file target.cif (mmCIF, C-alpha atoms and all ligand atoms)
data_query
#
loop_
_atom_site.label_atom_id
_atom_site.label_comp_id
_atom_site.auth_asym_id
_atom_site.auth_seq_id
_atom_site.Cartn_x
_atom_site.Cartn_y
_atom_site.Cartn_z
CA MET Z 2 -16.10 7.58 18.77
CA ASN Z 3 -17.65 7.77 15.35
CA LEU Z 4 -20.79 5.67 15.90
CA LEU Z 5 -23.17 8.55 15.17
CA LYS Z 6 -21.80 9.26 11.68
CA GLY Z 7 -23.17 7.44 8.66
CA PHE Z 8 -20.89 5.57 6.27
CA GLY Z 9 -20.92 3.06 3.43
CA PHE Z 10 -18.63 0.05 3.15
CA GLU Z 11 -17.96 -1.75 -0.09
CA LEU Z 12 -15.39 -4.47 -0.64
CA PRO Z 13 -15.52 -5.42 -4.31
CA THR Z 14 -12.81 -8.09 -3.94
CA ARG Z 15 -13.28 -11.78 -3.20
CA ILE Z 16 -10.44 -12.84 -0.90
CA GLU Z 17 -9.01 -16.36 -1.04
CA TYR Z 18 -6.44 -16.83 1.69
CA GLY Z 19 -4.09 -19.61 2.75
CA PRO Z 20 -0.66 -21.18 2.33
CA GLY Z 21 -0.59 -22.66 -1.17
CA VAL Z 22 -3.73 -20.86 -2.37
CA ILE Z 23 -1.80 -19.62 -5.43
CA ARG Z 24 -2.25 -23.11 -6.85
CA THR Z 25 -5.93 -22.35 -7.40
CA LEU Z 26 -5.13 -19.63 -9.96
CA PRO Z 27 -6.21 -21.70 -13.01
CA GLN Z 28 -9.59 -22.43 -11.38
CA VAL Z 29 -10.03 -18.78 -10.43
CA LEU Z 30 -9.37 -17.70 -14.02
CA ALA Z 31 -11.89 -20.28 -15.24
CA GLN Z 32 -14.50 -19.03 -12.75
CA LEU Z 33 -13.98 -15.50 -14.06
CA ASN Z 34 -14.25 -16.86 -17.60
CA LEU Z 35 -10.87 -15.42 -18.57
CA GLN Z 36 -9.22 -17.04 -21.60
CA ARG Z 37 -6.36 -14.65 -22.43
CA THR Z 38 -4.51 -13.40 -19.40
CA LEU Z 39 -1.79 -10.80 -19.18
CA LEU Z 40 0.50 -11.35 -16.19
CA VAL Z 41 1.81 -8.08 -14.73
CA THR Z 42 4.94 -8.18 -12.62
CA ASP Z 43 8.36 -6.63 -12.06
CA PRO Z 44 12.00 -7.70 -12.43
CA GLY Z 45 12.34 -8.33 -8.66
CA VAL Z 46 9.54 -10.92 -8.71
CA GLN Z 47 11.10 -12.55 -11.75
CA ALA Z 48 14.53 -12.64 -10.08
CA ALA Z 49 12.97 -14.28 -7.00
CA ARG Z 50 11.60 -16.94 -9.38
CA LEU Z 51 8.07 -16.49 -8.05
CA LEU Z 52 6.67 -16.44 -11.55
CA ASP Z 53 8.02 -19.81 -12.70
CA PRO Z 54 5.57 -22.04 -10.80
CA VAL Z 55 2.68 -19.77 -11.79
CA CYS Z 56 3.58 -20.04 -15.47
CA ALA Z 57 3.99 -23.81 -15.10
CA GLN Z 58 0.47 -24.06 -13.67
CA LEU Z 59 -0.99 -21.96 -16.46
CA ASP Z 60 0.86 -24.02 -19.08
CA GLN Z 61 -0.43 -27.22 -17.53
CA ALA Z 62 -3.99 -25.87 -17.51
CA GLY Z 63 -3.65 -24.82 -21.17
CA ILE Z 64 -4.31 -21.15 -20.41
CA THR Z 65 -3.14 -18.60 -22.96
CA TYR Z 66 -1.09 -15.82 -21.37
CA GLU Z 67 1.65 -13.30 -21.89
CA CYS Z 68 3.77 -11.48 -19.38
CA PHE Z 69 4.39 -7.75 -18.94
CA SER Z 70 7.27 -7.41 -16.50
CA ALA Z 71 8.50 -3.87 -17.07
CA VAL Z 72 6.92 -2.32 -13.97
CA ALA Z 73 9.30 0.01 -12.11
CA ALA Z 74 9.21 0.81 -8.39
CA ASN Z 75 6.86 3.76 -7.82
CA PRO Z 76 5.19 2.73 -11.11
CA LYS Z 77 5.38 5.35 -13.79
CA ASP Z 78 2.70 6.58 -16.18
CA TYR Z 79 4.74 5.21 -19.10
CA ASN Z 80 4.75 1.72 -17.49
CA VAL Z 81 0.95 1.88 -17.40
CA GLU Z 82 0.78 3.00 -21.03
CA ALA Z 83 3.17 0.30 -22.23
CA GLY Z 84 1.29 -2.37 -20.27
CA ALA Z 85 -2.12 -1.22 -21.49
CA THR Z 86 -0.87 -1.22 -25.10
CA MET Z 87 0.41 -4.76 -24.64
CA ALA Z 88 -2.95 -5.82 -23.12
CA ARG Z 89 -4.80 -4.38 -26.11
CA GLU Z 90 -2.47 -5.90 -28.71
CA PHE Z 91 -2.60 -9.31 -27.03
CA GLY Z 92 -6.38 -9.07 -26.73
CA ALA Z 93 -6.24 -9.72 -22.99
CA ASP Z 94 -9.59 -10.28 -21.32
CA GLY Z 95 -8.10 -10.06 -17.83
CA LEU Z 96 -4.97 -9.27 -15.83
CA VAL Z 97 -3.12 -11.15 -13.10
CA ALA Z 98 -0.81 -8.91 -11.07
CA ILE Z 99 1.90 -10.73 -9.10
CA GLY Z 100 4.15 -8.71 -6.83
CA GLY Z 101 4.16 -5.88 -4.36
CA GLY Z 102 2.20 -2.67 -4.63
CA SER Z 103 3.98 -1.55 -7.79
CA PRO Z 104 2.78 -4.31 -10.17
CA ILE Z 105 -0.67 -4.42 -8.55
CA ASP Z 106 -1.15 -0.64 -8.75
CA CYS Z 107 0.23 -0.58 -12.29
CA ALA Z 108 -2.21 -3.36 -13.29
CA LYS Z 109 -5.13 -1.44 -11.78
CA ALA Z 110 -4.28 1.62 -13.86
CA MET Z 111 -3.70 -0.61 -16.91
CA SER Z 112 -7.14 -2.14 -16.40
CA ILE Z 113 -8.61 1.30 -17.07
CA CYS Z 114 -6.23 2.42 -19.81
CA ALA Z 115 -6.77 -0.82 -21.77
CA THR Z 116 -10.45 0.05 -22.19
CA HIS Z 117 -10.37 3.89 -22.22
CA ASP Z 118 -8.57 6.47 -24.32
CA GLY Z 119 -6.32 8.99 -22.59
CA ALA Z 120 -3.18 9.13 -20.47
CA PRO Z 121 -3.22 7.62 -16.95
CA ARG Z 122 -3.33 11.07 -15.31
CA ASN Z 123 -6.64 11.60 -17.10
CA PHE Z 124 -8.15 9.21 -14.53
CA GLU Z 125 -6.72 10.91 -11.43
CA ARG Z 126 -9.00 10.43 -8.41
CA GLY Z 127 -11.26 8.21 -10.53
CA ARG Z 128 -12.39 10.85 -13.02
CA ASN Z 129 -13.46 9.81 -16.52
CA VAL Z 130 -13.80 6.10 -15.73
CA THR Z 131 -16.91 5.49 -17.78
CA GLU Z 132 -16.46 2.02 -19.30
CA ALA Z 133 -15.98 -1.47 -17.92
CA VAL Z 134 -12.34 -2.18 -17.04
CA LEU Z 135 -10.36 -5.43 -17.40
CA PRO Z 136 -10.94 -7.79 -14.47
CA LEU Z 137 -7.91 -8.22 -12.24
CA VAL Z 138 -6.64 -11.03 -10.03
CA ALA Z 139 -4.13 -9.68 -7.50
CA VAL Z 140 -1.45 -11.88 -5.96
CA PRO Z 141 0.63 -10.05 -3.34
CA THR Z 142 4.23 -11.16 -2.77
CA THR Z 143 4.99 -8.53 -0.11
CA ALA Z 144 3.13 -7.76 3.10
CA GLY Z 145 2.70 -4.03 2.99
CA THR Z 146 0.58 -2.24 0.47
CA GLY Z 147 -2.70 -4.08 0.91
CA SER Z 148 -3.23 -3.16 -2.73
CA GLU Z 149 -4.86 -6.55 -3.30
CA VAL Z 150 -7.98 -5.29 -1.49
CA THR Z 151 -7.92 -1.54 -2.15
CA PHE Z 152 -9.54 0.26 -5.04
CA SER Z 153 -6.84 2.83 -5.50
CA ALA Z 154 -3.60 2.95 -7.46
CA VAL Z 155 -0.73 5.36 -6.96
CA ILE Z 156 1.11 6.23 -10.18
CA THR Z 157 4.02 8.62 -10.80
CA ASP Z 158 3.56 11.40 -13.35
CA SER Z 159 7.05 11.16 -14.87
CA LEU Z 160 7.05 14.69 -16.27
CA GLU Z 161 6.05 16.39 -13.03
CA ASN Z 162 7.76 13.87 -10.69
CA TYR Z 163 4.46 13.77 -8.82
CA LYS Z 164 2.55 10.78 -7.51
CA PHE Z 165 -1.17 10.85 -8.14
CA SER Z 166 -3.94 8.45 -7.13
CA ILE Z 167 -6.63 6.80 -9.16
CA ARG Z 168 -9.45 5.81 -6.85
CA HIS Z 169 -12.46 3.92 -8.16
CA THR Z 170 -14.28 0.77 -7.02
CA LYS Z 171 -14.04 -0.57 -10.60
CA ILE Z 172 -10.28 -1.12 -10.14
CA GLY Z 173 -10.68 -3.19 -7.00
CA PRO Z 174 -9.35 -6.67 -7.89
CA ALA Z 175 -12.06 -9.23 -8.69
CA VAL Z 176 -10.14 -11.80 -6.67
CA ALA Z 177 -7.16 -11.55 -4.30
CA LEU Z 178 -5.13 -14.74 -3.89
CA VAL Z 179 -3.42 -14.15 -0.57
CA ASP Z 180 -0.73 -16.77 -0.01
CA PRO Z 181 1.82 -16.25 2.79
CA GLU Z 182 4.21 -18.75 1.19
CA LEU Z 183 4.82 -16.21 -1.59
CA THR Z 184 6.26 -13.69 0.91
CA ILE Z 185 8.89 -16.08 2.35
CA SER Z 186 11.63 -15.00 -0.06
CA MET Z 187 11.38 -11.29 0.77
CA PRO Z 188 14.74 -10.05 2.10
CA PRO Z 189 14.81 -8.49 5.61
CA ALA Z 190 15.07 -4.85 4.45
CA LEU Z 191 12.03 -5.20 2.15
CA THR Z 192 10.11 -7.05 4.87
CA ALA Z 193 10.82 -4.17 7.26
CA ALA Z 194 9.93 -1.38 4.86
CA THR Z 195 6.74 -2.97 3.55
CA GLY Z 196 5.70 -3.96 7.07
CA MET Z 197 6.07 -0.40 8.27
CA ASP Z 198 4.02 0.74 5.28
CA ALA Z 199 1.22 -1.57 6.44
CA LEU Z 200 1.50 -0.24 9.99
CA THR Z 201 1.27 3.29 8.62
CA HIS Z 202 -1.91 2.39 6.71
CA ALA Z 203 -3.52 1.05 9.88
CA ILE Z 204 -2.49 3.98 12.10
CA GLU Z 205 -3.43 6.63 9.55
CA ALA Z 206 -6.79 4.95 8.84
CA TYR Z 207 -7.61 4.66 12.54
CA THR Z 208 -6.82 8.33 13.22
CA SER Z 209 -8.23 9.67 9.94
CA MET Z 210 -10.87 12.39 9.81
CA VAL Z 211 -13.00 9.96 7.80
CA ALA Z 212 -12.48 6.94 10.06
CA GLU Z 213 -15.49 4.67 10.52
CA PRO Z 214 -16.16 1.65 12.76
CA LEU Z 215 -15.62 -1.20 10.29
CA ALA Z 216 -12.32 0.29 9.16
CA ASP Z 217 -11.41 0.89 12.84
CA ALA Z 218 -11.91 -2.80 13.61
CA ALA Z 219 -9.70 -3.85 10.71
CA ALA Z 220 -7.05 -1.24 11.60
CA LEU Z 221 -6.76 -2.22 15.26
CA TYR Z 222 -6.33 -5.93 14.51
CA ALA Z 223 -3.82 -5.04 11.79
CA ILE Z 224 -1.79 -3.05 14.35
CA GLU Z 225 -1.92 -5.98 16.76
CA LEU Z 226 -0.73 -8.49 14.15
CA ILE Z 227 2.01 -6.26 12.75
CA SER Z 228 3.41 -5.38 16.16
CA ARG Z 229 3.38 -9.08 17.12
CA TYR Z 230 5.00 -10.42 13.95
CA LEU Z 231 7.10 -7.80 12.17
CA ARG Z 232 10.32 -8.30 14.15
CA THR Z 233 10.16 -12.10 13.70
CA ALA Z 234 9.40 -11.80 9.97
CA VAL Z 235 12.46 -9.56 9.58
CA ASP Z 236 14.75 -11.74 11.73
CA ASN Z 237 13.58 -15.11 10.43
CA GLY Z 238 11.91 -14.84 7.06
CA ARG Z 239 11.18 -18.57 6.94
CA ASP Z 240 8.80 -18.36 9.92
CA LEU Z 241 5.52 -19.01 8.10
CA GLU Z 242 3.36 -17.95 11.04
CA ALA Z 243 5.09 -14.57 11.17
CA ARG Z 244 4.76 -14.20 7.39
CA ALA Z 245 1.07 -15.10 7.61
CA GLY Z 246 0.53 -12.63 10.46
CA MET Z 247 2.18 -9.86 8.45
CA LEU Z 248 0.24 -10.66 5.28
CA MET Z 249 -3.06 -10.70 7.18
CA GLY Z 250 -2.05 -7.45 8.95
CA SER Z 251 -1.28 -5.86 5.60
CA LEU Z 252 -4.60 -7.02 4.11
CA LEU Z 253 -6.60 -5.70 7.08
CA ALA Z 254 -4.72 -2.41 6.96
CA GLY Z 255 -5.53 -2.20 3.24
CA MET Z 256 -9.23 -2.75 3.96
CA ALA Z 257 -9.04 -0.05 6.63
CA PHE Z 258 -7.36 2.66 4.59
CA SER Z 259 -9.33 2.04 1.43
CA HIS Z 260 -12.39 3.07 3.44
CA ALA Z 261 -10.91 5.51 5.93
CA ASP Z 262 -8.03 6.92 3.84
CA VAL Z 263 -4.42 7.55 4.76
CA ALA Z 264 -3.12 10.94 5.87
CA ALA Z 265 -0.10 13.21 6.23
CA VAL Z 266 2.58 10.48 6.46
CA HIS Z 267 1.52 9.29 3.02
CA CYS Z 268 1.33 12.87 1.73
CA ILE Z 269 5.01 13.36 2.60
CA ALA Z 270 6.05 9.85 1.52
CA GLU Z 271 4.36 10.26 -1.86
CA ALA Z 272 5.86 13.72 -2.37
CA MET Z 273 9.31 12.23 -1.63
CA GLY Z 274 8.70 9.17 -3.82
CA GLY Z 275 7.60 11.37 -6.72
CA ARG Z 276 10.63 13.67 -6.38
CA TYR Z 277 13.40 11.18 -5.51
CA ASP Z 278 11.94 7.77 -6.43
CA THR Z 279 12.64 6.62 -2.86
CA PRO Z 280 10.91 3.36 -1.82
CA HIS Z 281 7.43 4.04 -0.49
CA GLY Z 282 7.60 1.84 2.61
CA VAL Z 283 10.94 3.26 3.71
CA CYS Z 284 9.65 6.84 3.38
CA ASN Z 285 6.58 6.00 5.48
CA ALA Z 286 8.60 4.23 8.14
CA VAL Z 287 10.91 7.19 8.54
CA VAL Z 288 8.16 9.82 8.55
CA LEU Z 289 5.61 7.95 10.73
CA PRO Z 290 7.04 8.57 14.24
CA ALA Z 291 7.71 12.27 13.53
CA MET Z 292 4.22 12.76 12.14
CA MET Z 293 2.68 10.93 15.09
CA ARG Z 294 4.44 13.36 17.43
CA TYR Z 295 3.14 16.30 15.40
CA ASN Z 296 -0.42 14.92 15.49
CA LEU Z 297 -0.33 13.85 19.13
CA ASP Z 298 -2.55 16.54 20.66
CA TRP Z 299 -5.17 16.10 17.93
CA CYS Z 300 -5.77 12.39 18.40
CA ARG Z 301 -4.64 11.47 21.89
CA ALA Z 302 -7.53 9.08 22.55
CA GLN Z 303 -6.91 7.18 19.30
CA TYR Z 304 -3.18 6.91 19.98
CA ALA Z 305 -3.91 5.59 23.47
CA ARG Z 306 -6.17 2.93 21.89
CA ILE Z 307 -3.42 2.12 19.38
CA GLY Z 308 -1.14 1.66 22.40
CA LEU Z 309 -3.45 -1.10 23.66
CA ALA Z 310 -3.31 -2.82 20.25
CA LEU Z 311 0.48 -2.58 20.49
CA GLY Z 312 0.26 -4.46 23.79
CA LEU Z 313 1.11 -1.45 25.99
CA THR Z 314 -0.49 -0.49 29.26
CA ALA Z 315 -0.83 3.01 30.68
CA THR Z 316 -2.57 4.64 33.59
CA ASP Z 317 -4.04 7.49 31.55
CA GLU Z 318 -4.76 8.56 28.00
CA ALA Z 319 -1.92 11.08 27.69
CA ARG Z 320 0.68 8.60 28.85
CA GLY Z 321 -0.83 5.85 26.65
CA ALA Z 322 -0.62 8.08 23.59
CA GLN Z 323 3.02 9.02 24.33
CA ARG Z 324 3.92 5.36 24.78
CA ALA Z 325 2.28 4.42 21.50
CA VAL Z 326 4.41 6.95 19.63
CA ALA Z 327 7.57 5.78 21.41
CA ALA Z 328 6.73 2.12 20.64
CA VAL Z 329 6.29 2.84 16.93
CA GLU Z 330 9.61 4.68 16.92
CA GLN Z 331 11.23 1.72 18.68
CA LEU Z 332 9.75 -0.75 16.19
CA ALA Z 333 11.03 1.28 13.22
CA GLY Z 334 14.50 1.31 14.87
CA ASP Z 335 14.43 -2.42 15.75
CA VAL Z 336 13.74 -3.49 12.17
CA GLY Z 337 16.68 -1.39 10.99
CA LEU Z 338 15.15 1.35 8.91
CA PRO Z 339 17.42 4.16 7.75
CA SER Z 340 17.42 7.74 9.01
CA PHE Z 341 15.76 10.59 7.11
CA ALA Z 342 19.21 12.13 6.58
CA SER Z 343 20.31 9.05 4.61
CA PHE Z 344 17.83 9.91 1.83
CA GLY Z 345 19.91 12.99 1.03
CA VAL Z 346 16.83 15.19 0.70
CA ASP Z 347 17.94 18.67 -0.29
CA PRO Z 348 16.48 21.25 2.16
CA ALA Z 349 16.02 23.50 -0.89
CA ASP Z 350 13.30 21.02 -1.93
CA PHE Z 351 11.37 21.23 1.33
CA GLU Z 352 9.02 23.87 0.02
CA LEU Z 353 8.16 21.82 -3.07
CA LEU Z 354 7.68 18.69 -0.95
CA ALA Z 355 5.42 20.64 1.42
CA GLU Z 356 3.36 22.03 -1.48
CA ASN Z 357 2.96 18.59 -3.05
CA SER Z 358 1.96 17.16 0.33
CA VAL Z 359 -0.81 19.76 0.64
CA LYS Z 360 -1.99 18.93 -2.91
CA ASN Z 361 -2.34 15.24 -2.02
CA GLY Z 362 -5.96 14.07 -1.92
CA SER Z 363 -5.38 12.52 1.53
CA ASN Z 364 -4.23 15.76 3.16
CA PRO Z 365 -7.70 16.68 4.52
CA SER Z 366 -7.89 13.27 6.25
CA ASN Z 367 -5.07 14.08 8.68
CA PRO Z 368 -6.36 14.64 12.24
CA ARG Z 369 -4.33 17.84 12.58
CA PRO Z 370 -5.03 20.35 9.81
CA MET Z 371 -1.88 20.54 7.69
CA ALA Z 372 -0.90 23.61 5.66
CA ALA Z 373 2.42 23.92 3.83
CA ALA Z 374 3.98 25.51 6.95
CA ASP Z 375 3.04 22.43 8.98
CA TYR Z 376 4.68 20.10 6.48
CA LEU Z 377 7.76 22.31 6.52
CA ALA Z 378 7.90 22.03 10.30
CA VAL Z 379 7.71 18.20 10.11
CA LEU Z 380 10.37 18.05 7.36
CA GLU Z 381 12.66 20.30 9.40
CA ALA Z 382 12.13 18.15 12.50
CA LEU Z 383 12.99 15.06 10.42
CA GLN Z 384 16.11 16.77 9.08
CA ALA Z 385 17.14 17.73 12.62
CA GLY Z 386 16.75 14.06 13.56
CA SER Z 387 13.98 14.50 16.10
FE FE M 401 1.32 3.07 1.68
#

call {"tool": "encode", "arguments": {"input": "target.cif", "output": "structure tokens"}}
result
Amino acid sequence: MNLLKGFGFELPTRIEYGPGVIRTLPQVLAQLNLQRTLLVTDPGVQAARLLDPVCAQLDQAGITYECFSAVAANPKDYNVEAGATMAREFGADGLVAIGGGSPIDCAKAMSICATHDGAPRNFERGRNVTEAVLPLVAVPTTAGTGSEVTFSAVITDSLENYKFSIRHTKIGPAVALVDPELTISMPPALTAATGMDALTHAIEAYTSMVAEPLADAAALYAIELISRYLRTAVDNGRDLEARAGMLMGSLLAGMAFSHADVAAVHCIAEAMGGRYDTPHGVCNAVVLPAMMRYNLDWCRAQYARIGLALGLTATDEARGAQRAVAAVEQLAGDVGLPSFASFGVDPADFELLAENSVKNGSNPSNPRPMAAADYLAVLEALQAGS
């Protein structure tokens, strides 16, 4: 229990939720007094034709906008620079990010770089953010990152192949338009990977060294929703209730981890994403059960409580914790996520991955203290398939 520790809780984002809520975008922009908007998205969102109705609405409302769509997966520092340059040249007074975590995180970093000098890495961990940033409206089209309510962005340093975080309340979106209808077109594999990312956020936040009660509440309900709806969302993407449950689970998990942090699963996933450009959600899904086993003795009570949120029953804490780990493993298997071996990670890279995991700002939040040797042990267990 963490009721005797002090904490602060700030949520700078106004959340507007509901099927069809995207249609209020012109009003939201008017409320924010934004006249020249830069849309930030990626080729996947464009291919899914999610942008067309948004542009039609903006055209109809007579809103001036341009579109920056060159955001890559695991957004790169050069994407941020190109987008910020475009925002400056266009004279944008605000940004609308439409997509998964990549466009939203890229837009957050752009919101700083459009009003500050210096490369994106200059703002790592929120350093040097001295000026106002461009206001951002975030519109998630996946149910995973929770980036629409977090005030962090993860960007890849393309020279070092290293993912770094910018964390500052100024980059929290002004408004999140959270519309489950926009997630309907996600294919099953993306639904599975992003859903497991959200589950990882909730579990890591709940077991974090800096967990606190409000984040705990959000994390536990997120776990409940994700475990209830992920399989259905993967099997039948047109089930709007399942899509809504996953999007709400992802949002709650985002609220949880933006206050209580993530931990070692993300440290490994980000080290792998930086090195191999592997999709973030897939990395998390594959690493999560192994890391839960490694952490088990350090957070047995929390895992047992997670077991209850997963709908499990157990006669004692130790058994409850074991069952929770097994249930997460089962869920990852049921939604068809690949094995660690399928990433083709070269064991010669393990040391570098372990070092980069230790360097990650979230490493101290893991319930079990993790040195490079610990990360090596987890990577070797993953490689051995256990
Ligand atoms: Fe994540």

call {"tool": "residues_around", "arguments": {"input": "target.cif", "residues": "Phe165 of chain Z", "least_positions_apart": "6", "cutoff": "7 Å", "atoms": "all atoms listed in the file", "output": "VMD selection string"}}
result
chain Z and resid 125 155 to 157

call {"tool": "atom_distance", "arguments": {"input": "target.cif", "atom1": "atom CA of Ser251 of chain Z", "atom2": "atom CA of Ile269 of chain Z"}}
result
20.4 Å

call {"tool": "residues_near_ligand", "arguments": {"input": "target.cif", "ligand": "ligand FE 401 (chain M)", "cutoff": "12 Å", "atoms": "all atoms listed in the file", "output": "VMD selection string"}}
result
chain Z and resid 75 101 to 103 106 144 to 148 151 153 to 155 166 194 to 206 251 to 252 254 to 255 257 to 259 262 to 271 274 280 to 286 288 to 289 363

call {"tool": "residues_around", "arguments": {"input": "target.cif", "residues": "segment 230-233 of chain Z", "least_positions_apart": "2", "cutoff": "7 Å", "atoms": "all atoms listed in the file", "output": "list in words"}}
result
Gly196, Leu226, Ile227, Ser228, Val235, Asp236, Asn237, Ala243, Gly246, Met247 and Val336 of chain Z

call {"tool": "atom_distance", "arguments": {"input": "target.cif", "atom1": "atom CA of Val211 of chain Z", "atom2": "atom CA of Thr170 of chain Z"}}
result
17.5 Å

call {"tool": "residues_around", "arguments": {"input": "target.cif", "residues": "Glu352 of chain Z", "least_positions_apart": "2", "cutoff": "12 Å", "atoms": "all atoms listed in the file", "output": "PyMOL selection string"}}
result
chain Z and resi 269+272-273+346-350+354-359+372-381

call {"tool": "write_last_selection", "arguments": {"input": "target.cif", "atoms": "C-alpha atoms", "output": "PDB file, keeping the file's coordinate frame"}}
result
ATOM      1  CA  ILE Z 269       5.010  13.360   2.600  1.00  0.00           C
ATOM      2  CA  ALA Z 272       5.860  13.720  -2.370  1.00  0.00           C
ATOM      3  CA  MET Z 273       9.310  12.230  -1.630  1.00  0.00           C
ATOM      4  CA  VAL Z 346      16.830  15.190   0.700  1.00  0.00           C
ATOM      5  CA  ASP Z 347      17.940  18.670  -0.290  1.00  0.00           C
ATOM      6  CA  PRO Z 348      16.480  21.250   2.160  1.00  0.00           C
ATOM      7  CA  ALA Z 349      16.020  23.500  -0.890  1.00  0.00           C
ATOM      8  CA  ASP Z 350      13.300  21.020  -1.930  1.00  0.00           C
ATOM      9  CA  LEU Z 354       7.680  18.690  -0.950  1.00  0.00           C
ATOM     10  CA  ALA Z 355       5.420  20.640   1.420  1.00  0.00           C
ATOM     11  CA  GLU Z 356       3.360  22.030  -1.480  1.00  0.00           C
ATOM     12  CA  ASN Z 357       2.960  18.590  -3.050  1.00  0.00           C
ATOM     13  CA  SER Z 358       1.960  17.160   0.330  1.00  0.00           C
ATOM     14  CA  VAL Z 359      -0.810  19.760   0.640  1.00  0.00           C
ATOM     15  CA  ALA Z 372      -0.900  23.610   5.660  1.00  0.00           C
ATOM     16  CA  ALA Z 373       2.420  23.920   3.830  1.00  0.00           C
ATOM     17  CA  ALA Z 374       3.980  25.510   6.950  1.00  0.00           C
ATOM     18  CA  ASP Z 375       3.040  22.430   8.980  1.00  0.00           C
ATOM     19  CA  TYR Z 376       4.680  20.100   6.480  1.00  0.00           C
ATOM     20  CA  LEU Z 377       7.760  22.310   6.520  1.00  0.00           C
ATOM     21  CA  ALA Z 378       7.900  22.030  10.300  1.00  0.00           C
ATOM     22  CA  VAL Z 379       7.710  18.200  10.110  1.00  0.00           C
ATOM     23  CA  LEU Z 380      10.370  18.050   7.360  1.00  0.00           C
ATOM     24  CA  GLU Z 381      12.660  20.300   9.400  1.00  0.00           C
TER      25      GLU Z 381
END

call {"tool": "atom_distance", "arguments": {"input": "target.cif", "atom1": "atom CA of Cys56 of chain Z", "atom2": "atom CA of Leu30 of chain Z"}}
result
13.2 Å

call {"tool": "residues_around", "arguments": {"input": "target.cif", "residues": "Ala327 of chain Z", "least_positions_apart": "3", "cutoff": "10 Å", "atoms": "all atoms listed in the file", "output": "mmCIF file with C-alpha atoms, keeping the file's coordinate frame"}}
result
data_model
loop_
_atom_site.group_PDB
_atom_site.id
_atom_site.type_symbol
_atom_site.label_atom_id
_atom_site.label_comp_id
_atom_site.auth_asym_id
_atom_site.auth_seq_id
_atom_site.Cartn_x
_atom_site.Cartn_y
_atom_site.Cartn_z
ATOM 1 C CA PRO Z 290 7.040 8.570 14.240
ATOM 2 C CA MET Z 293 2.680 10.930 15.090
ATOM 3 C CA ARG Z 294 4.440 13.360 17.430
ATOM 4 C CA GLY Z 308 -1.140 1.660 22.400
ATOM 5 C CA GLY Z 321 -0.830 5.850 26.650
ATOM 6 C CA ALA Z 322 -0.620 8.080 23.590
ATOM 7 C CA GLN Z 323 3.020 9.020 24.330
ATOM 8 C CA ARG Z 324 3.920 5.360 24.780
ATOM 9 C CA GLU Z 330 9.610 4.680 16.920
ATOM 10 C CA GLN Z 331 11.230 1.720 18.680
ATOM 11 C CA LEU Z 332 9.750 -0.750 16.190
ATOM 12 C CA ALA Z 333 11.030 1.280 13.220
#

call {"tool": "closest_residue", "arguments": {"input": "target.cif", "among": "Z:Gln303, Z:Ser340, Z:Gln32, Z:Thr143", "to": "Gly250 of chain Z", "atoms": "all atoms listed in the file"}}
result
Z:Thr143

call {"tool": "residues_near_point", "arguments": {"input": "target.cif", "point": "(7.6, 12.3, -13.5)", "cutoff": "10 Å", "atoms": "all atoms listed in the file", "output": "list in words"}}
result
Lys77, Asp78, Tyr79, Ile156, Thr157, Asp158, Ser159, Leu160, Glu161, Asn162, Tyr163, Lys164, Gly275, Arg276, Tyr277 and Asp278 of chain Z

call {"tool": "residues_around", "arguments": {"input": "target.cif", "residues": "Pro368 of chain Z", "least_positions_apart": "2", "cutoff": "9 Å", "atoms": "all atoms listed in the file", "output": "number ranges by chain"}}
result
Z: 205, 208-210, 264-265, 296, 299-300, 365-366, 370-371

call {"tool": "closest_residue", "arguments": {"input": "target.cif", "among": "Z:Arg239, Z:Arg306, Z:Lys171, Z:Arg126", "to": "Ile113 of chain Z", "atoms": "only C-alpha atoms"}}
result
Z:Lys171

call {"tool": "closest_residue", "arguments": {"input": "target.cif", "among": "Z:Leu26, Z:Ile105, Z:Ala85, Z:Ala219", "to": "Asp60 of chain Z", "atoms": "all atoms listed in the file"}}
result
Z:Leu26

call {"tool": "residues_near_point", "arguments": {"input": "target.cif", "point": "(-7.8, -11.9, -8.2)", "cutoff": "9 Å", "atoms": "all atoms listed in the file", "output": "list of chain:residue names"}}
result
Z:Thr14, Z:Arg15, Z:Ile16, Z:Glu17, Z:Leu26, Z:Val29, Z:Leu30, Z:Leu96, Z:Val97, Z:Ala98, Z:Pro136, Z:Leu137, Z:Val138, Z:Ala139, Z:Val140, Z:Glu149, Z:Pro174, Z:Ala175, Z:Val176, Z:Ala177, Z:Leu178
